[in-house]
$ cat data_13.csv   # CSV, C-alpha atoms
chain,number,residue,atom,x,y,z
W,197,MET,CA,0.0,0.0,0.0
W,198,ARG,CA,2.8,2.4,0.8
W,199,LEU,CA,4.5,1.5,-2.5
W,200,PHE,CA,1.3,2.3,-4.3
W,201,SER,CA,1.1,5.7,-2.6
W,202,VAL,CA,4.7,6.5,-3.5
W,203,VAL,CA,4.0,5.6,-7.1
W,204,ALA,CA,0.9,7.7,-7.1
W,205,ILE,CA,2.8,10.7,-5.7
W,206,VAL,CA,5.6,10.4,-8.3
W,207,ILE,CA,3.0,10.2,-11.1
W,208,LEU,CA,1.2,13.3,-9.7
W,209,PHE,CA,4.5,15.1,-9.4
W,210,GLY,CA,5.4,14.3,-13.0
W,211,PHE,CA,2.0,15.3,-14.4
W,212,LEU,CA,2.2,18.6,-12.5
W,213,PHE,CA,5.7,19.3,-13.7
W,214,VAL,CA,4.8,18.6,-17.3
W,215,GLY,CA,1.8,20.7,-16.9
W,216,ILE,CA,3.6,23.8,-15.7
W,217,LEU,CA,5.9,23.7,-18.7
W,218,HIS,CA,2.9,24.4,-20.9
W,219,LEU,CA,1.8,27.5,-18.8
W,220,HIS,CA,2.9,31.0,-19.5
W,221,PRO,CA,6.0,32.2,-17.6
W,222,VAL,CA,5.4,33.9,-14.3
W,223,GLY,CA,5.0,37.6,-14.7
W,224,GLU,CA,3.6,37.4,-18.2
W,225,ALA,CA,-0.1,36.8,-17.8
W,226,LEU,CA,-1.2,36.4,-21.4
W,227,GLY,CA,-4.5,37.5,-22.9
W,228,ASN,CA,-6.3,38.4,-26.0
W,229,SER,CA,-5.1,41.9,-26.3
W,230,GLU,CA,-6.8,42.5,-29.7
W,231,VAL,CA,-10.2,42.1,-28.2
W,232,LEU,CA,-10.1,45.1,-26.0
W,233,GLN,CA,-7.7,47.8,-27.2
W,234,GLY,CA,-6.9,50.8,-25.0
W,235,ARG,CA,-8.9,53.9,-24.7
W,236,PRO,CA,-6.8,56.5,-26.5
W,237,GLU,CA,-9.3,59.2,-25.8
W,238,GLN,CA,-8.6,58.8,-22.1
W,239,GLY,CA,-4.8,58.8,-22.6
W,240,ILE,CA,-4.6,55.5,-20.7
W,241,ASP,CA,-3.7,52.1,-22.1
W,242,ILE,CA,-3.8,49.1,-19.9
W,243,ASN,CA,-1.7,46.4,-21.5
W,244,GLY,CA,-3.8,43.5,-22.7
W,245,VAL,CA,-4.4,40.8,-20.2
W,246,SER,CA,-6.9,38.0,-20.2
W,247,THR,CA,-10.2,39.0,-21.7
W,248,MET,CA,-12.3,38.8,-18.6
W,249,ASP,CA,-9.7,40.5,-16.4
W,250,ASP,CA,-9.1,43.2,-19.0
W,251,TYR,CA,-12.8,43.8,-19.1
W,252,PHE,CA,-12.9,44.2,-15.3
W,253,LEU,CA,-9.8,46.5,-15.3
W,254,ARG,CA,-11.2,48.7,-18.1
W,255,ASN,CA,-14.9,48.9,-17.2
W,256,GLY,CA,-15.0,48.0,-13.4
W,257,GLN,CA,-14.4,51.6,-12.3
W,258,ILE,CA,-17.1,53.0,-14.6
W,259,GLU,CA,-19.7,50.2,-14.0
W,260,THR,CA,-19.3,49.9,-10.2
W,261,LYS,CA,-17.7,53.3,-9.5
W,262,SER,CA,-15.2,51.6,-7.2
W,263,ASN,CA,-11.5,52.4,-7.4
W,264,ASN,CA,-10.6,49.0,-6.0
W,265,ILE,CA,-11.2,46.5,-8.8
W,266,VAL,CA,-10.7,43.5,-6.6
W,267,ALA,CA,-13.5,44.8,-4.3
W,268,SER,CA,-15.7,45.4,-7.4
W,269,VAL,CA,-15.1,41.8,-8.5
W,270,VAL,CA,-15.7,40.4,-5.0
W,271,PHE,CA,-18.9,42.3,-4.2
W,272,ASP,CA,-20.4,43.2,-7.5
W,273,TYR,CA,-19.4,40.9,-10.4
W,274,ARG,CA,-19.1,37.8,-8.1
W,275,GLY,CA,-21.5,38.8,-5.4
W,276,PHE,CA,-23.1,35.4,-5.3
W,277,ASP,CA,-19.7,33.9,-4.6
W,278,THR,CA,-19.2,36.2,-1.6
W,279,LEU,CA,-22.7,35.4,-0.3
W,280,GLY,CA,-21.7,31.7,-0.4
W,281,GLU,CA,-18.5,32.4,1.3
W,282,ALA,CA,-20.2,34.3,4.1
W,283,THR,CA,-22.7,31.5,4.4
W,284,VAL,CA,-19.8,28.9,4.7
W,285,LEU,CA,-18.3,31.0,7.5
W,286,PHE,CA,-21.7,31.2,9.2
W,287,ILE,CA,-22.1,27.4,8.9
W,288,VAL,CA,-18.6,26.7,10.3
W,289,VAL,CA,-19.3,28.9,13.3
W,290,SER,CA,-22.6,27.1,13.8
W,291,SER,CA,-20.9,23.7,13.5
W,292,ILE,CA,-18.3,24.6,16.1
W,293,SER,CA,-21.0,25.7,18.4
W,294,MET,CA,-22.9,22.5,17.7
W,295,LEU,CA,-19.8,20.3,18.3
W,296,PHE,CA,-19.3,21.7,21.8
W,297,PHE,CA,-23.0,21.9,22.6
W,298,THR,CA,-23.0,20.1,25.9
W,299,PHE,CA,-19.9,22.0,27.0
W,300,LEU,CA,-21.4,25.4,26.1
W,301,LYS,CA,-24.7,24.6,27.8
W,302,SER,CA,-23.2,23.6,31.2
W,303,LYS,CA,-23.1,26.5,33.6
W,304,SER,CA,-20.5,25.2,36.0
W,305,ILE,CA,-17.5,25.2,33.6
W,306,VAL,CA,-14.4,26.9,34.9
W,307,SER,CA,-11.7,27.1,32.2
W,308,ALA,CA,-8.1,26.7,33.1
W,309,GLY,CA,-6.5,30.0,33.9
W,310,VAL,CA,-9.8,31.8,34.4
W,311,PRO,CA,-10.1,33.0,38.0
W,312,PRO,CA,-13.4,32.8,39.8
W,313,ALA,CA,-15.3,36.0,40.1
W,314,GLY,CA,-13.9,38.6,42.4
W,315,GLN,CA,-10.3,37.4,42.0
W,316,PHE,CA,-7.5,38.7,39.9
W,317,PRO,CA,-6.3,36.5,37.0
W,318,LYS,CA,-3.0,34.7,37.1
W,319,ILE,CA,-1.3,37.4,35.1
W,320,GLU,CA,-1.5,40.4,37.4
W,321,SER,CA,0.8,42.6,35.4
W,322,ARG,CA,-0.7,45.9,34.7
W,323,VAL,CA,1.5,46.2,31.7
W,324,ILE,CA,-0.1,43.2,30.0
W,325,THR,CA,-3.7,44.1,30.8
W,326,PHE,CA,-3.5,47.8,30.2
W,327,GLY,CA,-1.2,47.4,27.2
W,328,SER,CA,-3.5,44.8,25.7
W,329,PHE,CA,-6.4,47.2,26.1
W,330,ILE,CA,-4.5,50.0,24.3
W,331,MET,CA,-3.5,47.7,21.5
W,332,TYR,CA,-7.1,46.4,21.3
W,333,ILE,CA,-8.3,49.9,20.6
W,334,MET,CA,-5.6,50.5,18.0
W,335,ILE,CA,-6.1,47.2,16.2
W,336,LEU,CA,-9.8,47.7,16.2
W,337,SER,CA,-9.4,51.2,14.7
W,338,PHE,CA,-7.2,49.7,12.0
W,339,GLY,CA,-9.7,47.0,11.2
W,340,VAL,CA,-12.5,49.5,11.0
W,341,TYR,CA,-10.4,51.6,8.6
W,342,LEU,CA,-9.8,48.6,6.4
W,343,VAL,CA,-13.5,47.8,6.3
W,344,VAL,CA,-14.7,51.3,5.6
W,345,HIS,CA,-12.1,52.0,2.9
W,346,GLY,CA,-12.5,48.7,1.3
W,347,HIS,CA,-13.7,50.1,-2.1
W,348,ILE,CA,-10.9,52.7,-2.5
W,349,SER,CA,-7.8,51.1,-1.0
W,350,PRO,CA,-6.5,47.6,-0.2
W,351,GLY,CA,-8.8,46.0,2.3
W,352,GLY,CA,-12.5,45.1,2.6
W,353,GLY,CA,-14.8,43.3,4.9
W,354,PHE,CA,-12.9,40.0,5.1
W,355,GLN,CA,-9.5,41.5,5.8
W,356,GLY,CA,-10.7,44.1,8.2
W,357,GLY,CA,-12.9,41.6,10.0
W,358,SER,CA,-9.9,39.2,10.4
W,359,VAL,CA,-7.8,42.0,11.8
W,360,MET,CA,-10.5,42.9,14.3
W,361,ALA,CA,-10.8,39.2,15.3
W,362,SER,CA,-7.1,39.2,16.1
W,363,ALA,CA,-7.8,42.0,18.6
W,364,THR,CA,-10.3,39.6,20.3
W,365,ALA,CA,-7.6,37.0,20.5
W,366,LEU,CA,-5.4,39.6,22.2
W,367,LEU,CA,-8.1,40.2,24.8
W,368,LEU,CA,-8.4,36.5,25.4
W,369,ILE,CA,-4.7,35.9,26.1
W,370,SER,CA,-4.6,38.8,28.4
W,371,PHE,CA,-7.6,37.4,30.4
W,372,LEU,CA,-9.8,40.4,29.8
W,373,ILE,CA,-12.9,38.7,28.5
W,374,THR,CA,-12.4,35.1,29.8
W,375,ARG,CA,-15.3,35.3,32.3
W,376,HIS,CA,-18.9,35.6,31.1
W,377,MET,CA,-18.5,33.2,28.3
W,378,GLN,CA,-22.2,32.7,27.8
W,379,ARG,CA,-22.9,36.4,27.6
W,380,THR,CA,-20.0,36.9,25.2
W,381,ARG,CA,-21.2,34.1,22.9
W,382,LYS,CA,-24.7,35.5,22.9
W,383,ILE,CA,-23.6,39.0,21.9
W,384,PHE,CA,-21.2,37.7,19.2
W,385,SER,CA,-23.6,35.3,17.6
W,386,PHE,CA,-26.3,38.0,17.5
W,387,PHE,CA,-24.0,40.4,15.7
W,388,GLU,CA,-22.7,37.6,13.4
W,389,SER,CA,-26.3,36.8,12.3
W,390,LEU,CA,-27.0,40.5,12.0
W,391,GLY,CA,-24.1,40.9,9.5
W,392,LEU,CA,-25.3,38.1,7.3
W,393,THR,CA,-28.9,39.4,7.5
W,394,ILE,CA,-27.7,42.9,6.4
W,395,PHE,CA,-25.9,41.3,3.5
W,396,ILE,CA,-28.9,39.3,2.3
W,397,GLY,CA,-31.2,42.3,2.9
W,398,LEU,CA,-29.0,44.5,0.7
W,399,GLY,CA,-29.2,41.7,-1.9
W,400,PHE,CA,-33.0,41.7,-1.7
W,401,ALA,CA,-33.2,45.6,-1.8
W,402,GLY,CA,-32.5,45.5,-5.5
W,403,ILE,CA,-34.7,42.5,-6.2
W,404,THR,CA,-36.7,44.4,-8.8
W,405,ILE,CA,-33.8,44.1,-11.2
W,406,SER,CA,-32.0,41.0,-9.8
W,407,PHE,CA,-30.7,39.7,-6.6
W,408,LEU,CA,-27.6,41.6,-5.3
W,409,TYR,CA,-28.2,44.3,-7.9
W,410,ASN,CA,-26.1,47.4,-7.3
W,411,PHE,CA,-29.2,49.7,-7.1
W,412,LEU,CA,-27.3,52.8,-5.7
W,413,VAL,CA,-24.8,53.1,-8.5
W,414,HIS,CA,-27.1,55.0,-11.0
W,415,THR,CA,-28.1,57.8,-8.7
W,416,SER,CA,-25.2,60.1,-9.6
W,417,THR,CA,-25.1,61.6,-6.1
W,418,GLY,CA,-24.2,60.2,-2.8
W,419,PHE,CA,-23.1,56.6,-3.1
W,420,GLY,CA,-23.5,56.8,-6.9
W,421,ARG,CA,-21.0,59.6,-7.4
W,422,MET,CA,-19.7,59.9,-10.9
W,423,ILE,CA,-16.2,58.7,-11.3
W,424,ALA,CA,-14.2,59.0,-14.5
W,425,PHE,CA,-12.0,56.2,-15.7
W,426,GLY,CA,-8.4,56.6,-14.4
W,427,PRO,CA,-6.5,57.5,-11.3
W,428,ASN,CA,-8.1,59.8,-8.7
W,429,GLN,CA,-7.7,60.5,-5.0
W,430,GLY,CA,-10.6,58.3,-3.9
W,431,TYR,CA,-14.0,59.2,-2.5
W,432,LEU,CA,-15.3,57.6,0.6
W,433,ILE,CA,-18.9,58.0,-0.4
W,434,SER,CA,-19.0,56.2,-3.7
W,435,ALA,CA,-19.3,52.8,-5.3
W,436,GLY,CA,-23.0,52.1,-4.7
W,437,ILE,CA,-23.8,49.4,-2.2
W,438,LEU,CA,-20.2,48.1,-2.2
W,439,PRO,CA,-19.2,49.9,1.1
W,440,LEU,CA,-22.4,48.7,2.7
W,441,LEU,CA,-21.8,45.1,1.7
W,442,SER,CA,-18.3,45.4,2.8
W,443,LEU,CA,-19.5,46.7,6.2
W,444,ALA,CA,-22.0,43.8,6.5
W,445,VAL,CA,-19.3,41.3,5.7
W,446,GLY,CA,-16.9,43.0,8.1
W,447,ILE,CA,-19.4,42.7,11.0
W,448,GLU,CA,-20.0,39.0,10.1
W,449,VAL,CA,-16.4,38.1,9.8
W,450,PHE,CA,-15.3,39.9,13.0
W,451,PHE,CA,-17.9,38.4,15.2
W,452,GLY,CA,-17.8,35.0,13.5
W,453,LEU,CA,-14.1,34.6,13.9
W,454,SER,CA,-14.2,36.0,17.4
W,455,LEU,CA,-16.8,33.4,18.3
W,456,ILE,CA,-14.6,30.6,16.9
W,457,VAL,CA,-11.6,32.0,18.9
W,458,VAL,CA,-13.6,32.4,22.2
W,459,THR,CA,-15.2,28.9,21.9
W,460,LEU,CA,-11.9,27.1,21.1
W,461,PHE,CA,-10.1,29.0,23.9
W,462,HIS,CA,-12.6,27.9,26.5
W,463,VAL,CA,-12.8,24.4,25.2
W,464,SER,CA,-9.0,24.0,25.2
W,465,GLY,CA,-8.9,25.1,28.8
W,466,VAL,CA,-11.7,22.9,30.2
W,467,LYS,CA,-10.6,20.5,33.0
W,468,ASP,CA,-13.8,18.5,33.3
W,469,THR,CA,-13.5,16.2,30.3
W,470,ASN,CA,-16.9,14.5,31.0
W,471,SER,CA,-18.7,17.5,29.8
W,472,LEU,CA,-17.2,17.1,26.3
W,473,ARG,CA,-18.5,13.6,25.6
J,205,MET,CA,14.1,28.2,-14.9
J,206,SER,CA,13.6,31.3,-12.9
J,207,ALA,CA,10.4,32.0,-15.0
J,208,ILE,CA,8.7,29.0,-13.5
J,209,LEU,CA,10.3,29.0,-10.1
J,210,LEU,CA,7.0,30.0,-8.4
J,211,TYR,CA,5.2,27.1,-10.2
J,212,VAL,CA,7.9,24.7,-9.0
J,213,THR,CA,7.4,26.0,-5.5
J,214,PHE,CA,3.7,25.4,-5.9
J,215,ILE,CA,4.4,21.8,-6.9
J,216,LEU,CA,6.7,21.3,-4.0
J,217,LEU,CA,4.1,22.6,-1.5
J,218,LEU,CA,1.4,20.5,-3.1
J,219,THR,CA,3.6,17.4,-2.9
J,220,ILE,CA,4.6,18.0,0.7
J,221,GLY,CA,1.0,18.5,1.6
J,222,ILE,CA,-0.1,15.3,-0.1
J,223,ILE,CA,2.7,13.3,1.3
J,224,ALA,CA,1.8,14.6,4.8
J,225,LEU,CA,-1.8,13.7,4.2
J,226,LEU,CA,-1.0,10.2,3.2
J,227,PHE,CA,1.8,9.2,5.6
J,228,LYS,CA,1.2,11.3,8.8
J,229,ARG,CA,-0.8,9.7,11.6
J,230,ASN,CA,-1.4,12.7,13.8
J,231,LEU,CA,-4.6,14.5,13.2
J,232,ILE,CA,-3.0,17.9,14.0
J,233,LYS,CA,-0.3,17.2,11.4
J,234,ILE,CA,-3.0,16.3,8.9
J,235,VAL,CA,-4.7,19.7,9.5
J,236,LEU,CA,-1.3,21.4,9.0
J,237,ALA,CA,-1.0,19.4,5.7
J,238,PHE,CA,-4.3,20.9,4.6
J,239,ASN,CA,-2.9,24.3,5.4
J,240,ILE,CA,0.2,23.7,3.3
J,241,LEU,CA,-2.0,22.5,0.4
J,242,ASP,CA,-4.0,25.7,0.8
J,243,SER,CA,-0.9,27.9,0.7
J,244,GLY,CA,0.4,26.1,-2.4
J,245,ILE,CA,-2.9,26.6,-4.3
J,246,ASN,CA,-3.0,30.3,-3.2
J,247,LEU,CA,0.5,30.8,-4.5
J,248,PHE,CA,-0.3,29.2,-7.8
J,249,PHE,CA,-3.4,31.3,-8.4
J,250,ILE,CA,-1.6,34.6,-7.5
J,251,SER,CA,1.4,33.7,-9.6
J,252,LEU,CA,-0.9,32.9,-12.6
J,253,GLY,CA,-2.2,36.5,-12.5
J,254,TYR,CA,1.1,38.2,-11.9
J,255,ARG,CA,2.6,40.6,-14.4
J,256,GLU,CA,6.1,42.1,-14.3
J,257,ASN,CA,6.3,45.7,-13.0
J,258,ALA,CA,2.6,45.9,-12.5
J,259,MET,CA,0.5,47.7,-9.8
J,260,ALA,CA,-2.2,46.4,-7.7
J,261,PRO,CA,-5.6,46.8,-9.5
J,262,ILE,CA,-6.5,50.0,-7.5
J,263,PHE,CA,-6.9,53.3,-9.1
J,264,THR,CA,-6.7,55.4,-5.9
J,265,LEU,CA,-3.6,57.7,-6.2
J,266,ALA,CA,-2.2,55.6,-9.0
J,267,PRO,CA,0.5,57.2,-11.1
J,268,PHE,CA,-1.0,59.0,-14.1
J,269,ASP,CA,1.0,57.6,-16.9
J,270,SER,CA,0.1,56.8,-20.5
J,271,VAL,CA,0.4,53.1,-19.8
J,272,ILE,CA,-0.9,51.6,-16.5
J,273,THR,CA,0.0,47.9,-16.1
J,274,MET,CA,-2.1,46.1,-13.5
J,275,VAL,CA,-2.1,42.5,-12.3
J,276,LEU,CA,-5.2,40.4,-12.9
J,277,PRO,CA,-7.9,41.1,-10.3
J,278,THR,CA,-9.9,37.9,-10.5
J,279,PRO,CA,-7.3,35.5,-9.0
J,280,GLN,CA,-6.9,37.9,-6.1
J,281,ALA,CA,-10.6,37.9,-5.5
J,282,LEU,CA,-10.8,34.1,-5.6
J,283,ILE,CA,-7.8,33.8,-3.3
J,284,LEU,CA,-9.5,36.3,-0.9
J,285,THR,CA,-12.3,33.8,-0.8
J,286,ASN,CA,-10.1,30.9,-0.3
J,287,ILE,CA,-8.1,32.3,2.6
J,288,VAL,CA,-11.3,32.9,4.7
J,289,ILE,CA,-12.6,29.5,3.8
J,290,GLY,CA,-9.3,27.9,4.6
J,291,PHE,CA,-9.3,29.6,8.0
J,292,ALA,CA,-12.8,28.4,8.7
J,293,THR,CA,-12.2,24.8,7.7
J,294,THR,CA,-9.0,24.7,9.7
J,295,ALA,CA,-10.9,25.9,12.8
J,296,LEU,CA,-13.6,23.2,12.2
J,297,MET,CA,-11.0,20.5,11.8
J,298,LEU,CA,-9.2,21.5,14.9
J,299,GLY,CA,-12.4,21.5,16.8
J,300,VAL,CA,-13.2,18.0,15.6
J,301,SER,CA,-9.6,17.0,16.6
J,302,VAL,CA,-10.2,18.3,20.1
J,303,LEU,CA,-13.3,16.2,20.5
J,304,THR,CA,-11.6,13.2,19.0
J,305,TYR,CA,-8.8,13.5,21.6
J,306,ARG,CA,-11.2,13.9,24.5
J,307,ASN,CA,-13.2,10.9,23.4
J,308,ASN,CA,-10.5,8.5,22.4
J,309,ASN,CA,-7.4,9.7,24.2
J,310,THR,CA,-5.4,9.5,21.0
J,311,LEU,CA,-4.9,11.5,17.8
J,312,ASP,CA,-3.4,8.6,15.9
J,313,THR,CA,-5.6,7.8,12.9
J,314,ARG,CA,-4.5,4.2,12.7
J,315,LYS,CA,-5.4,3.6,16.3
J,316,LEU,CA,-8.7,5.4,15.8
J,317,ARG,CA,-9.4,3.0,12.9
J,318,GLY,CA,-8.7,0.0,15.2
J,319,VAL,CA,-5.9,-1.4,13.0
J,320,GLU,CA,-2.7,-2.5,14.7
J,321,GLU,CA,-0.3,-2.7,11.7
J,322,TYR,CA,-1.4,-1.4,8.4
J,323,ASP,CA,1.5,-1.5,6.0
$ encode --input "data_13.csv" --output "structure tokens"
Amino acid sequence: MRLFSVVAIVILFGFLFVGILHLHPVGEALGNSEVLQGRPEQGIDINGVSTMDDYFLRNGQIETKSNNIVASVVFDYRGFDTLGEATVLFIVVSSISMLFFTFLKSKSIVSAGVPPAGQFPKIESRVITFGSFIMYIMILSFGVYLVVHGHISPGGGFQGGSVMASATALLLISFLITRHMQRTRKIFSFFESLGLTIFIGLGFAGITISFLYNFLVHTSTGFGRMIAFGPNQGYLISAGILPLLSLAVGIEVFFGLSLIVVTLFHVSGVKDTNSLR
Amino acid sequence: MSAILLYVTFILLLTIGIIALLFKRNLIKIVLAFNILDSGINLFFISLGYRENAMAPIFTLAPFDSVITMVLPTPQALILTNIVIGFATTALMLGVSVLTYRNNNTLDTRKLRGVEEYD
């Protein structure tokens, strides 16, 4: 059996190596450059890349009014994909909560390292607790910045939400929110559901045309601000419903990942193993 | 050779991941093998859409030249999806591993299957 596995791996390795010899070299993403020539009237010519990506690069800024083409692909052109991704994250969080159902329902669980009420935690250093609190605020601000500016700069709901969830992990290792697990889980799961609900609600808001239709992009004021093709300094209020979708996804990712981190932290520290069976 | 170095790195990562999946017995190491596979696939997609001397596909404060070269946006969007999904599945697999250890007092997959010697 082991010999069979080795042979299979060698065959796979050979097939992959032969396969990459037929790909284009790294750094030269080929495309059908004759299909979409540059826009000479704008004075800008994007070199021809693949047809679909060239279409996104050339028309994404005009059609979705978003400077960040990746954000316009994620939230507009492939909005269904992002909805599925958010749903997968929601299902994973639900599954983890379901796996540890008996543990999470028992009231008398005391995790390792968590002091009983009225006592100080093991780490008594003011440097750690106070420094963690300061860093929590700073990381959270950076995450909010990433979420809010998702359509005009690198960032978006997923990245900003992940950054904010790392702030929650910092609070956990400094024993600032290790008590009150039930209350923490209730708050986090409520806001996680709220994020996904906002996303689906924004999708249904444009249901007269189609699901996840960018209905704010044609208003020419506010979120539908006119943006010409080409570099600009970036406008915070633009891009239709993209910032709102980004905000919804940011809320969902932040609280979902925080819920995963909090649950696994408490489960890994539990002493009474009978409650996990 | 340097033109396909990233592809070779992808193949190495993929092979390491598959070897670890097939031959490692510890569940935690299998989860790590999934992560290595994920990283290899992410690297492959990103290097497929890379162009020499190109910018990120963001027009904010971009240099106003006659020719703007940008990398492909769609692989980046797909990998953005894949990273979050990879994190979520890793968390789920680790949770299942915790339950497995609590129930069976072992993480060895062969022992979990009830087989003494398998080769």
$ closest_residue --input "data_13.csv" --among "W:Gly256, W:Gly391, W:Gly280, W:Gly275" --to "J:Ile289" --atoms "all atoms listed in the file"
W:Gly280
$ residues_around --input "data_13.csv" --residues "stretch 425-436 of chain W" --least-positions-apart "6" --cutoff "9 Å" --atoms "all atoms listed in the file" --output "NGL selection string"
(:W and (238 or 240 or 254-255 or 257-258 or 260-263 or 268 or 344-345 or 347-349 or 410-415 or 417-419)) or (:J and (262-268))
$ closest_residue --input "data_13.csv" --among "W:Phe407, W:Phe386, W:Phe213, W:Phe200" --to "chain J" --atoms "all atoms listed in the file"
W:Phe213
$ closest_atom_pairs --input "data_13.csv" --of "chain J" --to "chain W" --cutoff "6 Å" --atoms "only C-alpha atoms" --output "Markdown table"
| residue | atom | partner | partner_atom | distance |
| --- | --- | --- | --- | --- |
| J:Ala207 | CA | W:Pro221 | CA | 5.1 |
| J:Ile208 | CA | W:Pro221 | CA | 5.9 |
| J:Gly253 | CA | W:Ala225 | CA | 5.7 |
| J:Tyr254 | CA | W:Gly223 | CA | 4.8 |
| J:Arg255 | CA | W:Gly223 | CA | 3.9 |
| J:Glu256 | CA | W:Gly223 | CA | 4.6 |
| J:Pro261 | CA | W:Ile265 | CA | 5.7 |
| J:Ile262 | CA | W:Asn264 | CA | 4.5 |
| J:Phe263 | CA | W:Pro427 | CA | 4.8 |
| J:Thr264 | CA | W:Gly430 | CA | 5.3 |
| J:Leu265 | CA | W:Gln429 | CA | 5.1 |
| J:Ala266 | CA | W:Pro427 | CA | 5.2 |
| J:Ser270 | CA | W:Ile240 | CA | 4.9 |
| J:Val271 | CA | W:Asp241 | CA | 4.8 |
| J:Ile272 | CA | W:Ile242 | CA | 5.1 |
| J:Thr273 | CA | W:Ile242 | CA | 5.5 |
| J:Leu276 | CA | W:Asp249 | CA | 5.7 |
| J:Pro277 | CA | W:Val266 | CA | 5.2 |
| J:Ala281 | CA | W:Val270 | CA | 5.7 |
$ write_last_selection --input "data_13.csv" --atoms "C-alpha atoms" --output "short mmCIF file (atom, residue, chain, number, x, y, z; two decimals), in the coordinates of the input"
data_model
loop_
_atom_site.label_atom_id
_atom_site.label_comp_id
_atom_site.auth_asym_id
_atom_site.auth_seq_id
_atom_site.Cartn_x
_atom_site.Cartn_y
_atom_site.Cartn_z
CA ALA J 207 10.40 32.00 -15.00
CA ILE J 208 8.70 29.00 -13.50
CA GLY J 253 -2.20 36.50 -12.50
CA TYR J 254 1.10 38.20 -11.90
CA ARG J 255 2.60 40.60 -14.40
CA GLU J 256 6.10 42.10 -14.30
CA PRO J 261 -5.60 46.80 -9.50
CA ILE J 262 -6.50 50.00 -7.50
CA PHE J 263 -6.90 53.30 -9.10
CA THR J 264 -6.70 55.40 -5.90
CA LEU J 265 -3.60 57.70 -6.20
CA ALA J 266 -2.20 55.60 -9.00
CA SER J 270 0.10 56.80 -20.50
CA VAL J 271 0.40 53.10 -19.80
CA ILE J 272 -0.90 51.60 -16.50
CA THR J 273 0.00 47.90 -16.10
CA LEU J 276 -5.20 40.40 -12.90
CA PRO J 277 -7.90 41.10 -10.30
CA ALA J 281 -10.60 37.90 -5.50
#
$ atom_distance --input "data_13.csv" --atom1 "atom CA of W:Thr380" --atom2 "atom CA of W:Val323"
24.3 Å
$ residues_around --input "data_13.csv" --residues "J:Met274" --least-positions-apart "4" --cutoff "6 Å" --atoms "only C-alpha atoms" --output "short mmCIF file (atom, residue, chain, number, x, y, z; two decimals) with C-alpha atoms, in the coordinates of the input"
data_model
loop_
_atom_site.label_atom_id
_atom_site.label_comp_id
_atom_site.auth_asym_id
_atom_site.auth_seq_id
_atom_site.Cartn_x
_atom_site.Cartn_y
_atom_site.Cartn_z
CA ALA J 258 2.60 45.90 -12.50
CA MET J 259 0.50 47.70 -9.80
CA ALA J 260 -2.20 46.40 -7.70
CA PRO J 261 -5.60 46.80 -9.50
#
$ atom_distance --input "data_13.csv" --atom1 "atom CA of W:Ala363" --atom2 "atom CA of W:Ile396"
26.8 Å
$ atom_distance --input "data_13.csv" --atom1 "atom CA of W:Gly346" --atom2 "atom CA of W:Leu438"
8.5 Å
